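Have a look at data.tsv; it's TSV, C-alpha atoms:
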chain	number	residue	atom	x	y	z
B	719	MET	CA	8.57	-4.83	17.11
B	720	LEU	CA	7.61	-7.06	19.99
B	721	GLU	CA	10.63	-9.38	20.14
B	722	THR	CA	13.66	-10.57	18.19
B	723	SER	CA	15.14	-14.00	17.65
B	724	GLY	CA	18.42	-14.21	15.80
B	725	HIS	CA	18.09	-12.10	12.66
B	726	TRP	CA	14.28	-12.03	12.81
B	727	ALA	CA	11.89	-9.60	14.46
B	728	TRP	CA	8.30	-10.41	15.44
B	729	GLY	CA	5.85	-7.56	15.51
B	730	TYR	CA	2.98	-5.84	13.79
B	731	CYS	CA	2.59	-3.30	11.01
B	732	ARG	CA	1.70	0.21	12.19
B	733	HIS	CA	-0.61	0.61	9.19
B	734	ASP	CA	-2.99	-2.34	9.67
B	735	HIS	CA	-1.63	-4.17	12.75
B	736	TYR	CA	-0.92	-7.31	10.69
B	737	VAL	CA	1.45	-9.53	12.68
B	738	GLY	CA	4.39	-11.50	11.44
B	739	TYR	CA	8.14	-11.86	11.16
B	740	VAL	CA	10.52	-9.66	9.17
B	741	GLU	CA	14.28	-9.65	8.94
B	742	ALA	CA	15.45	-7.31	11.69
B	743	ILE	CA	17.82	-5.57	9.26
B	744	ALA	CA	14.78	-4.36	7.27
B	745	LEU	CA	13.40	-2.34	10.19
B	746	VAL	CA	13.80	1.43	10.01
B	747	GLU	CA	12.60	4.35	12.07
B	748	PRO	CA	8.97	5.21	11.28
B	749	PHE	CA	8.39	8.31	9.18
B	750	ALA	CA	5.39	10.54	8.55
B	751	ALA	CA	4.07	9.66	5.10
B	752	THR	CA	2.88	12.51	2.90
B	753	HIS	CA	1.69	10.44	-0.09
B	754	MET	CA	0.46	6.99	-1.06
B	755	VAL	CA	1.02	5.11	-4.33
B	756	ALA	CA	-2.35	5.05	-6.15
B	757	ALA	CA	-1.21	3.43	-9.41
B	758	ALA	CA	-0.82	-0.35	-9.69
B	759	SER	CA	2.92	0.30	-9.25
B	760	ALA	CA	5.13	3.37	-9.31
B	761	PRO	CA	8.74	3.67	-10.44
B	762	ILE	CA	11.38	5.37	-8.34
B	763	LEU	CA	13.61	7.24	-10.76
B	764	PRO	CA	17.14	8.56	-10.10
B	765	GLU	CA	16.23	11.93	-11.62
B	766	ALA	CA	13.11	13.90	-12.50
B	767	ASP	CA	12.93	12.39	-15.99
B	768	VAL	CA	10.35	9.79	-17.07
B	769	HIS	CA	12.94	8.35	-19.47
B	770	ALA	CA	15.42	7.55	-16.67
B	771	PRO	CA	15.75	3.85	-15.80
B	772	ALA	CA	13.76	2.91	-12.71
B	773	LEU	CA	15.75	2.15	-9.57
B	774	ALA	CA	12.83	0.21	-8.08
B	775	GLN	CA	9.04	-0.12	-8.19
B	776	LEU	CA	6.68	0.64	-5.32
B	777	PRO	CA	3.39	-1.27	-5.03
B	778	MET	CA	-0.06	0.28	-4.77
B	779	GLY	CA	-0.68	1.46	-1.23
B	780	ALA	CA	3.00	2.09	-0.42
B	781	ARG	CA	3.42	5.16	1.73
B	782	VAL	CA	6.18	7.64	0.95
B	783	SER	CA	7.33	11.03	2.13
B	784	GLY	CA	8.32	13.84	-0.20
B	785	HIS	CA	7.32	17.07	-1.90
B	786	GLU	CA	5.97	17.88	-5.37
B	787	SER	CA	8.59	19.19	-7.76
B	788	HIS	CA	7.94	19.75	-11.48
B	789	GLY	CA	5.53	16.84	-11.88
B	790	PHE	CA	7.38	14.44	-9.59
B	791	LEU	CA	7.31	13.56	-5.93
B	792	ALA	CA	10.86	14.19	-4.76
B	793	THR	CA	11.79	11.68	-2.03
B	794	ASP	CA	15.02	10.72	-0.29
B	795	SER	CA	15.15	7.62	-2.54
B	796	GLY	CA	14.47	9.31	-5.88
B	797	PHE	CA	11.64	10.73	-7.96
B	798	ILE	CA	8.16	9.27	-8.46
B	799	PRO	CA	5.89	10.58	-11.23
B	800	TYR	CA	3.28	12.66	-9.43
B	801	THR	CA	0.45	11.03	-11.42
B	802	HIS	CA	1.25	7.77	-9.60
B	803	VAL	CA	0.65	9.10	-6.06
B	804	ARG	CA	-2.05	10.81	-3.98
B	805	GLU	CA	-1.59	12.98	-0.95
B	806	ILE	CA	-2.50	11.25	2.30
B	807	GLY	CA	-6.08	12.30	3.00
B	808	ALA	CA	-6.97	12.93	-0.68
B	809	TRP	CA	-9.03	9.76	-0.80
B	810	GLU	CA	-10.55	8.20	-3.88
B	811	HIS	CA	-14.31	7.67	-4.06
B	812	ASP	CA	-14.77	4.41	-5.98
B	813	THR	CA	-13.39	1.19	-4.50
B	814	VAL	CA	-14.22	-0.74	-7.67
B	815	HIS	CA	-12.22	1.72	-9.80
B	816	VAL	CA	-9.23	1.20	-7.50
B	817	ALA	CA	-9.56	-2.60	-7.67
B	818	GLU	CA	-9.77	-2.51	-11.48
B	819	ARG	CA	-6.22	-1.12	-11.64
B	820	LEU	CA	-5.06	-4.54	-10.49
B	821	LEU	CA	-6.90	-6.52	-13.19
B	822	GLY	CA	-4.62	-9.20	-14.59
B	823	SER	CA	-2.61	-9.57	-11.38
B	824	PRO	CA	-1.99	-13.22	-10.56
B	825	TYR	CA	-3.44	-14.79	-7.43
B	826	LEU	CA	-0.88	-15.11	-4.64
B	827	LEU	CA	-1.81	-16.13	-1.11
B	828	GLY	CA	-0.76	-13.25	1.15
B	829	GLY	CA	-0.02	-11.00	-1.83
B	830	ARG	CA	-0.87	-7.32	-1.92
B	831	SER	CA	0.55	-6.05	-5.21
B	832	ILE	CA	0.29	-6.23	-8.99
B	833	HIS	CA	2.85	-9.07	-8.85
B	834	GLY	CA	0.41	-11.22	-6.86
B	835	ILE	CA	-2.65	-10.53	-4.73
B	836	ASP	CA	-5.23	-12.44	-2.74
B	837	CYS	CA	-8.88	-11.59	-2.05
B	838	SER	CA	-8.37	-9.86	1.28
B	839	GLY	CA	-5.38	-7.91	-0.03
B	840	LEU	CA	-7.52	-6.59	-2.89
B	841	VAL	CA	-10.28	-5.54	-0.48
B	842	GLN	CA	-7.81	-3.91	1.91
B	843	LEU	CA	-6.03	-1.95	-0.84
B	844	SER	CA	-9.25	-0.83	-2.53
B	845	LEU	CA	-10.82	0.37	0.70
B	846	GLY	CA	-7.55	1.89	1.94
B	847	LEU	CA	-7.15	4.17	-1.08
B	848	CYS	CA	-10.69	5.37	-0.37
B	849	GLY	CA	-9.78	6.21	3.23
B	850	ILE	CA	-11.55	3.22	4.77
B	851	PRO	CA	-9.31	1.24	7.10
B	852	ALA	CA	-9.66	-2.52	6.71
B	853	PRO	CA	-7.98	-5.45	8.44
B	854	ARG	CA	-5.73	-7.69	6.34
B	855	ASP	CA	-7.52	-11.04	6.62
B	856	SER	CA	-10.93	-11.91	5.17
B	857	ASP	CA	-12.21	-13.41	8.44
B	858	GLN	CA	-11.59	-10.02	10.09
B	859	GLN	CA	-13.05	-8.13	7.12
B	860	ARG	CA	-16.43	-9.79	7.74
B	861	SER	CA	-17.02	-7.20	10.46
B	862	LEU	CA	-16.89	-4.31	7.94
B	863	GLY	CA	-20.05	-2.61	6.74
B	864	GLU	CA	-23.65	-3.46	7.58
B	865	PRO	CA	-25.49	-6.74	6.94
B	866	LEU	CA	-27.99	-6.75	4.07
B	867	THR	CA	-31.61	-7.57	4.72
B	868	ASP	CA	-33.11	-10.71	3.16
B	869	ASP	CA	-35.08	-8.62	0.66
B	870	ALA	CA	-32.08	-6.55	-0.50
B	871	ALA	CA	-31.61	-6.69	-4.24

Encoding of this model in structure tokens:
Amino acid sequence: MLETSGHWAWGYCRHDHYVGYVEAIALVEPFAATHMVAAASAPILPEADVHAPALAQLPMGARVSGHESHGFLATDSGFIPYTHVREIGAWEHDTVHVAERLLGSPYLLGGRSIHGIDCSGLVQLSLGLCGIPAPRDSDQQRSLGEPLTDDAA
């Protein structure tokens, strides 16, 4: 957080340094994430039972902290099926495979989830789950990788 004005805080995200405003009440102390949501979305359940009604859904790329317990990630907020998360550092190897999980998501400027996503959000999520940090905006993403030669196929 860089400054506050009324009920709003201006700052940047620790994950990708994206700047913007958030409601100050939404700010919490940072925590050390142990896992990241790898599925298109992941339910938070009140108990370690896949038949329990979901309390909430976490989007792909959300970072959480917890421990594995009988096929679930036990967190302070509830239980997430372990098949929906990956340990931080256990990166995927195929960015296209990651992106394909979001097929059918509607376009939404500034979106970064199955409920709506834009081009740079898709690139950032796909690379991020493969352990490749990427900026949030497409103009900044142009600096990623190496230019192709004119004769590249």

Could you build a table of the residues in stretch 784-805 of chain B lying no more than 8 Å from stretch 752-762 of chain B, giving for each the nearest pair of atoms and their separation in Å rounded to one decimal place, using only C-alpha atoms, ordered by chain and ascending residue number, as a tab-separated table?
residue	atom	partner	partner_atom	distance
B:Gly784	CA	B:Thr752	CA	6.4
B:His785	CA	B:Thr752	CA	8.0
B:Ser795	CA	B:Ile762	CA	7.3
B:Gly796	CA	B:Ile762	CA	5.6
B:Phe797	CA	B:Ile762	CA	5.4
B:Ile798	CA	B:Ile762	CA	5.1
B:Pro799	CA	B:Ala760	CA	7.5
B:His802	CA	B:Ala757	CA	5.0
B:Val803	CA	B:Val755	CA	4.4
B:Arg804	CA	B:His753	CA	5.4
B:Glu805	CA	B:His753	CA	4.2

*Go through B:Leu745, B:Leu862, B:Val737, B:Val816 one by one, measure the shortest atom-to-atom distance of each to B:Gly846 using only C-alpha atoms, and give the residue with the smallest value.*
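Using only C-alpha atoms, B:Gly846 sits closest to B:Val816.
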
*Counting all atoms listed in the file, write as a ChimeraX atom specification all protein and nucleic acid residues lying at most 12 Å from (-8.2, -12.6, -2.6) in the file's frame.*
/B:817,820,823-831,834-844,854-857,859

_Using only C-alpha atoms: which of B:Ile832, B:Leu847, B:Met719, B:Arg819 has the shortest distance to B:Pro748_ =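 Checking each of B:Ile832, B:Leu847, B:Met719, B:Arg819 against B:Pro748, counting only C-alpha atoms, the winner is B:Met719.
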
*In Å, how far is it from atom CA of B:Ile850 to atom CA of B:Gly863?*
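Atom-to-atom, atom CA of B:Ile850 and atom CA of B:Gly863 are spaced 10.5 Å apart.
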
*Which distance in Å separates atom CA of B:Ala744 and atom CA of B:His725, to one decimal?*
10.0 Å

*Can you work out the spacing between atom CA of B:Arg781 and atom CA of B:Arg860 in Å, to one decimal?*
25.6 Å

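Closest approach to B:Glu786 among B:Ala742, B:Trp809, B:Pro771, B:Ala766 is made by B:Ala766 (distances from all atoms listed in the file).
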